[in-house]
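J.: Sharing structure_31.cif below, mmCIF, C-alpha atoms, pLDDT in the B column; chains and numbers go by the auth columns:
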```cif
data_query
loop_
_atom_site.group_PDB
_atom_site.id
_atom_site.type_symbol
_atom_site.label_atom_id
_atom_site.label_comp_id
_atom_site.label_asym_id
_atom_site.label_seq_id
_atom_site.Cartn_x
_atom_site.Cartn_y
_atom_site.Cartn_z
_atom_site.B_iso_or_equiv
_atom_site.auth_seq_id
_atom_site.auth_asym_id
ATOM 1 C CA MET A 1 -123.062 74.402 -14.253 93.00 1 J
ATOM 2 C CA GLN A 2 -122.075 70.746 -13.875 93.00 2 J
ATOM 3 C CA ARG A 3 -124.731 69.705 -16.405 94.00 3 J
ATOM 4 C CA VAL A 4 -123.406 72.257 -18.909 95.00 4 J
ATOM 5 C CA GLN A 5 -119.831 71.048 -18.368 94.00 5 J
ATOM 6 C CA ASP A 6 -120.904 67.414 -18.800 93.00 6 J
ATOM 7 C CA GLU A 7 -122.742 68.269 -22.028 96.00 7 J
ATOM 8 C CA PHE A 8 -119.755 70.268 -23.296 95.00 8 J
ATOM 9 C CA PHE A 9 -117.297 67.405 -22.751 93.00 9 J
ATOM 10 C CA ASP A 10 -119.738 64.818 -24.046 95.00 10 J
ATOM 11 C CA GLU A 11 -120.484 66.691 -27.265 96.00 11 J
ATOM 12 C CA GLY A 12 -117.039 68.199 -27.803 96.00 12 J
ATOM 13 C CA TYR A 13 -114.760 65.319 -26.841 97.00 13 J
ATOM 14 C CA PHE A 14 -116.386 62.053 -25.774 97.00 14 J
ATOM 15 C CA GLN A 15 -118.767 61.589 -28.700 98.00 15 J
ATOM 16 C CA PRO A 16 -116.148 62.530 -31.347 98.00 16 J
ATOM 17 C CA ALA A 17 -113.575 60.245 -29.707 98.00 17 J
ATOM 18 C CA MET A 18 -115.966 57.295 -29.561 98.00 18 J
ATOM 19 C CA ARG A 19 -117.089 57.941 -33.139 98.00 19 J
ATOM 20 C CA TRP A 20 -113.435 57.969 -34.282 98.00 20 J
ATOM 21 C CA ALA A 21 -112.776 54.762 -32.329 98.00 21 J
ATOM 22 C CA SER A 22 -115.839 53.034 -33.785 98.00 22 J
ATOM 23 C CA ASP A 23 -115.090 54.194 -37.335 98.00 23 J
ATOM 24 C CA ASN A 24 -111.564 52.792 -36.986 98.00 24 J
ATOM 25 C CA GLY A 25 -112.593 49.440 -35.514 98.00 25 J
ATOM 26 C CA PHE A 26 -111.656 49.896 -31.859 98.00 26 J
ATOM 27 C CA SER A 27 -113.826 48.117 -29.310 98.00 27 J
ATOM 28 C CA GLN A 28 -111.884 47.583 -26.073 98.00 28 J
ATOM 29 C CA ALA A 29 -112.255 49.776 -22.989 98.00 29 J
ATOM 30 C CA LEU A 30 -108.570 50.691 -22.731 98.00 30 J
ATOM 31 C CA SER A 31 -108.625 51.738 -26.382 98.00 31 J
ATOM 32 C CA ALA A 32 -111.622 53.974 -25.674 98.00 32 J
ATOM 33 C CA LEU A 33 -109.790 55.538 -22.729 97.00 33 J
ATOM 34 C CA VAL A 34 -106.646 56.195 -24.802 98.00 34 J
ATOM 35 C CA ASN A 35 -108.698 57.709 -27.632 98.00 35 J
ATOM 36 C CA TYR A 36 -110.807 59.876 -25.317 98.00 36 J
ATOM 37 C CA ASP A 37 -107.726 61.143 -23.498 98.00 37 J
ATOM 38 C CA SER A 38 -106.108 62.066 -26.794 98.00 38 J
ATOM 39 C CA PHE A 39 -109.203 64.013 -27.835 98.00 39 J
ATOM 40 C CA ILE A 40 -109.292 65.834 -24.487 96.00 40 J
ATOM 41 C CA HIS A 41 -105.564 66.561 -24.506 96.00 41 J
ATOM 42 C CA SER A 42 -104.927 67.169 -28.225 95.00 42 J
ATOM 43 C CA GLY A 43 -108.359 67.626 -29.774 95.00 43 J
ATOM 44 C CA SER A 44 -108.009 64.505 -31.903 97.00 44 J
ATOM 45 C CA ILE A 45 -105.749 61.597 -32.726 97.00 45 J
ATOM 46 C CA PRO A 46 -103.022 63.767 -34.290 97.00 46 J
ATOM 47 C CA GLY A 47 -102.062 62.705 -37.789 97.00 47 J
ATOM 48 C CA PHE A 48 -98.399 63.503 -37.251 98.00 48 J
ATOM 49 C CA LEU A 49 -98.285 60.950 -34.400 98.00 49 J
ATOM 50 C CA ARG A 50 -100.017 58.315 -36.531 97.00 50 J
ATOM 51 C CA LYS A 51 -97.212 58.653 -39.072 97.00 51 J
ATOM 52 C CA LEU A 52 -94.592 57.729 -36.444 98.00 52 J
ATOM 53 C CA PHE A 53 -95.485 54.031 -36.183 98.00 53 J
ATOM 54 C CA PRO A 54 -96.378 51.275 -38.648 98.00 54 J
ATOM 55 C CA ALA A 55 -99.443 49.664 -37.015 98.00 55 J
ATOM 56 C CA LYS A 56 -102.728 49.863 -38.897 98.00 56 J
ATOM 57 C CA THR A 57 -106.077 50.507 -37.256 98.00 57 J
ATOM 58 C CA PRO A 58 -108.369 47.472 -36.942 98.00 58 J
ATOM 59 C CA ALA A 59 -110.598 48.881 -39.688 98.00 59 J
ATOM 60 C CA ASN A 60 -107.567 48.763 -41.984 98.00 60 J
ATOM 61 C CA GLY A 61 -106.595 45.185 -41.121 98.00 61 J
ATOM 62 C CA GLY A 62 -104.443 45.884 -38.063 98.00 62 J
ATOM 63 C CA LYS A 63 -104.637 44.542 -34.527 98.00 63 J
ATOM 64 C CA GLU A 64 -106.255 46.805 -31.967 98.00 64 J
ATOM 65 C CA GLN A 65 -103.781 46.120 -29.186 98.00 65 J
ATOM 66 C CA ASP A 66 -100.776 46.677 -31.464 98.00 66 J
ATOM 67 C CA TRP A 67 -102.110 50.016 -32.704 98.00 67 J
ATOM 68 C CA ILE A 68 -102.925 51.277 -29.210 98.00 68 J
ATOM 69 C CA ALA A 69 -99.540 50.201 -27.801 98.00 69 J
ATOM 70 C CA GLN A 70 -97.675 51.853 -30.670 98.00 70 J
ATOM 71 C CA TYR A 71 -99.793 55.003 -30.505 98.00 71 J
ATOM 72 C CA VAL A 72 -99.242 55.331 -26.752 98.00 72 J
ATOM 73 C CA ALA A 73 -95.480 54.818 -27.251 98.00 73 J
ATOM 74 C CA ALA A 74 -95.371 57.487 -29.986 98.00 74 J
ATOM 75 C CA ARG A 75 -97.428 59.897 -27.903 98.00 75 J
ATOM 76 C CA ASP A 76 -95.266 59.244 -24.835 98.00 76 J
ATOM 77 C CA ASN A 77 -92.085 59.958 -26.808 98.00 77 J
ATOM 78 C CA TRP A 78 -93.583 63.135 -28.266 98.00 78 J
ATOM 79 C CA LEU A 79 -94.716 64.420 -24.861 98.00 79 J
ATOM 80 C CA ARG A 80 -91.512 63.389 -23.088 98.00 80 J
ATOM 81 C CA ASN A 81 -89.301 65.204 -25.594 98.00 81 J
ATOM 82 C CA HIS A 82 -91.484 68.211 -26.406 98.00 82 J
ATOM 83 C CA SER A 83 -89.901 71.674 -26.281 98.00 83 J
ATOM 84 C CA ASN A 84 -92.833 72.888 -24.155 97.00 84 J
ATOM 85 C CA GLU A 85 -92.208 71.953 -20.538 97.00 85 J
ATOM 86 C CA LEU A 86 -95.934 71.964 -19.782 97.00 86 J
ATOM 87 C CA LEU A 87 -96.454 69.141 -22.274 96.00 87 J
ATOM 88 C CA ARG A 88 -93.466 67.199 -20.906 97.00 88 J
ATOM 89 C CA ARG A 89 -95.165 67.250 -17.511 97.00 89 J
ATOM 90 C CA THR A 90 -98.174 65.387 -18.919 97.00 90 J
ATOM 91 C CA VAL A 91 -96.360 62.082 -19.550 98.00 91 J
ATOM 92 C CA TYR A 92 -98.174 60.712 -16.504 97.00 92 J
ATOM 93 C CA ARG A 93 -101.070 60.146 -18.907 97.00 93 J
ATOM 94 C CA THR A 94 -99.147 57.816 -21.215 98.00 94 J
ATOM 95 C CA GLU A 95 -97.360 56.214 -18.268 98.00 95 J
ATOM 96 C CA CYS A 96 -100.760 55.199 -16.886 98.00 96 J
ATOM 97 C CA PHE A 97 -101.825 53.743 -20.241 98.00 97 J
ATOM 98 C CA ASN A 98 -98.523 51.878 -20.594 98.00 98 J
ATOM 99 C CA ARG A 99 -98.996 50.294 -17.153 98.00 99 J
ATOM 100 C CA GLU A 100 -102.452 49.072 -18.144 98.00 100 J
ATOM 101 C CA ILE A 101 -101.155 47.769 -21.483 98.00 101 J
ATOM 102 C CA GLN A 102 -98.415 45.873 -19.626 98.00 102 J
ATOM 103 C CA ARG A 103 -101.010 44.445 -17.226 98.00 103 J
ATOM 104 C CA GLY A 104 -103.123 43.334 -20.183 98.00 104 J
ATOM 105 C CA ASN A 105 -105.975 45.332 -18.698 98.00 105 J
ATOM 106 C CA TRP A 106 -107.788 45.866 -21.993 98.00 106 J
ATOM 107 C CA ASP A 107 -111.248 45.667 -20.415 98.00 107 J
ATOM 108 C CA LEU A 108 -110.163 47.860 -17.446 97.00 108 J
ATOM 109 C CA SER A 109 -111.450 45.246 -15.018 96.00 109 J
ATOM 110 C CA GLN A 110 -108.205 44.981 -13.030 97.00 110 J
ATOM 111 C CA LEU A 111 -108.723 47.513 -10.279 96.00 111 J
ATOM 112 C CA PRO A 112 -107.528 49.764 -8.913 96.00 112 J
ATOM 113 C CA ILE A 113 -105.915 51.651 -11.765 96.00 113 J
ATOM 114 C CA ASP A 114 -103.192 54.058 -10.695 95.00 114 J
ATOM 115 C CA ALA A 115 -103.908 57.351 -12.476 94.00 115 J
ATOM 116 C CA HIS A 116 -101.133 59.753 -11.472 94.00 116 J
ATOM 117 C CA GLY A 117 -101.129 58.548 -7.877 94.00 117 J
ATOM 118 C CA ILE A 118 -104.912 58.317 -7.587 94.00 118 J
ATOM 119 C CA LYS A 119 -106.258 54.786 -7.207 95.00 119 J
ATOM 120 C CA VAL A 120 -109.295 54.495 -9.438 94.00 120 J
ATOM 121 C CA SER A 121 -111.714 51.693 -8.612 92.00 121 J
ATOM 122 C CA GLY A 122 -115.252 50.828 -9.589 78.00 122 J
ATOM 123 C CA THR A 123 -116.698 52.034 -6.322 68.00 123 J
#
```
Could you spell out this file's structure in structure tokens?
T.:
Amino acid sequence: MQRVQDEFFDEGYFQPAMRWASDNGFSQALSALVNYDSFIHSGSIPGFLRKLFPAKTPANGGKEQDWIAQYVAARDNWLRNHSNELLRRTVYRTECFNREIQRGNWDLSQLPIDAHGIKVSGT
């Protein structure tokens, strides 16, 4: 069962997220994490969120860190103010990403990472 679940998430979410990231010029680990989480949580990088901020993707001449920071801010605002309470309760995701952006942890080497109260380390 675990193998089937791993294959499902790999084929359905991870591979599409990494393909989207690569096609749009993203290369840093934190960017990959943000993109993957968006695919898991929303099925994609929603177009309506992309319209809420001016940054361009790296493939379109923008700076990776600027795009990710602005995307996370837009996503946080959307989740935080959503009419669906269940979505409002998921802001812990964007709060985690914002902490890592503030720490400048773009390669995710600064451990542990606090993910909703769980300390994630390399071991």
J.: How many Å separate atom CA of J:Phe26 from atom CA of J:Leu87?
T.: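 We find that atom CA of J:Phe26 and atom CA of J:Leu87 lie 26.3 Å from each other.
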J.: Can you give me, as a list in words, the residues this file yields under the PyMOL selection byres ((chain J and resi 110) around 12)?
T.: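 That expression, the PyMOL selection byres ((chain J and resi 110) around 12), corresponds here to Ala29, Leu30, Arg99, Glu100, Ile101, Gln102, Arg103, Gly104, Asn105, Trp106, Asp107, Leu108, Ser109, Leu111, Pro112, Ile113, Asp114, Lys119, Val120, Ser121 and Gly122 of chain J.
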J.: What's around J:Ala21 at 9 Å? Count all atoms listed in the file, leave out sequence neighbours fewer than 4 positions away in its own chain, and write the answer as a tab-separated table (two decimals) with C-alpha atoms, in the frame of the given file.
T.:
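out_10.tsv, freshly written:
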```tsv
chain	number	residue	atom	x	y	z
J	16	PRO	CA	-116.15	62.53	-31.35
J	17	ALA	CA	-113.58	60.24	-29.71
J	25	GLY	CA	-112.59	49.44	-35.51
J	26	PHE	CA	-111.66	49.90	-31.86
J	27	SER	CA	-113.83	48.12	-29.31
J	31	SER	CA	-108.62	51.74	-26.38
J	32	ALA	CA	-111.62	53.97	-25.67
J	35	ASN	CA	-108.70	57.71	-27.63
J	36	TYR	CA	-110.81	59.88	-25.32
```
J.: So which residues get picked by the PyMOL selection byres ((chain J and resi 55) around 10) here, written as an MDAnalysis selection string?
T.: chainID J and resid 50:54 56:58 60:71
J.: Pick out the closest residue to J:Val91 from this set: J:Phe9, J:Trp78, J:Trp20, J:Phe14. Count only C-alpha atoms.
T.: J:Trp78
J.: Would you work out the distance separating atom CA of J:His116 from atom CA of J:Glu85, expressed in Å to one decimal?
T.: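 Computing the Euclidean distance for atom CA of J:His116 and atom CA of J:Glu85 yields 17.6 Å.
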J.: For stretch 83-92 of chain J, what centre and edge lengths in Å (one decimal) does the axis-aligned box get once 5 Å is added on each side of all its listed atoms, as JSON?
T.:
```
{"center_x": -94.0, "center_y": 66.8, "center_z": -21.4, "size_x": 18.3, "size_y": 22.2, "size_z": 19.8}
```
J.: What does the structure give for the distance between atom CA of J:Ala73 and atom CA of J:Val34, in Å to one decimal?
T.: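 If I compute the distance from atom CA of J:Ala73 to atom CA of J:Val34, I get 11.5 Å.
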J.: Which one of J:Pro46, J:Thr94, J:Ala59, J:Asp23 sits closest to J:Asp76 if you count all atoms listed in the file?
T.: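 Ranking J:Pro46, J:Thr94, J:Ala59, J:Asp23 by distance to J:Asp76, first place goes to J:Thr94.
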J.: Find the residue from J:Phe39, J:Phe97, J:Tyr92, J:Gln2 that sits nearest to J:Gln15; use all atoms listed in the file when measuring.
T.: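 Of the candidates, the smallest distance to J:Gln15 is held by J:Phe39.
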J.: Name all residues at most 10 Å from J:Arg93 (count all atoms listed in the file; drop same-chain ones fewer than 3 positions away) and give them as a list in words.
T.: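 In the requested format, the answer is Val34, Asp37, Ser38, His41, Val72, Arg75, Asp76, Leu79, Arg89, Thr90, Cys96, Phe97, Asn98, Ala115 and His116 of chain J.
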J.: With C-alpha atoms retained, could you export that selection as a PDB file, in the frame of the given file?
T.:
```pdb
ATOM      1  CA  VAL J  34    -106.646  56.195 -24.802  1.00 98.00           C
ATOM      2  CA  ASP J  37    -107.726  61.143 -23.498  1.00 98.00           C
ATOM      3  CA  SER J  38    -106.108  62.066 -26.794  1.00 98.00           C
ATOM      4  CA  HIS J  41    -105.564  66.561 -24.506  1.00 96.00           C
ATOM      5  CA  VAL J  72     -99.242  55.331 -26.752  1.00 98.00           C
ATOM      6  CA  ARG J  75     -97.428  59.897 -27.903  1.00 98.00           C
ATOM      7  CA  ASP J  76     -95.266  59.244 -24.835  1.00 98.00           C
ATOM      8  CA  LEU J  79     -94.716  64.420 -24.861  1.00 98.00           C
ATOM      9  CA  ARG J  89     -95.165  67.250 -17.511  1.00 97.00           C
ATOM     10  CA  THR J  90     -98.174  65.387 -18.919  1.00 97.00           C
ATOM     11  CA  CYS J  96    -100.760  55.199 -16.886  1.00 98.00           C
ATOM     12  CA  PHE J  97    -101.825  53.743 -20.241  1.00 98.00           C
ATOM     13  CA  ASN J  98     -98.523  51.878 -20.594  1.00 98.00           C
ATOM     14  CA  ALA J 115    -103.908  57.351 -12.476  1.00 94.00           C
ATOM     15  CA  HIS J 116    -101.133  59.753 -11.472  1.00 94.00           C
TER      16      HIS J 116
END
```
J.: Using all atoms listed in the file, pick whichever of J:Arg80, J:Gln28, J:Leu33, J:Ile40 has the shortest atom-to-atom distance to J:Phe8.
T.: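 Result for the nearest residue to J:Phe8: J:Ile40.
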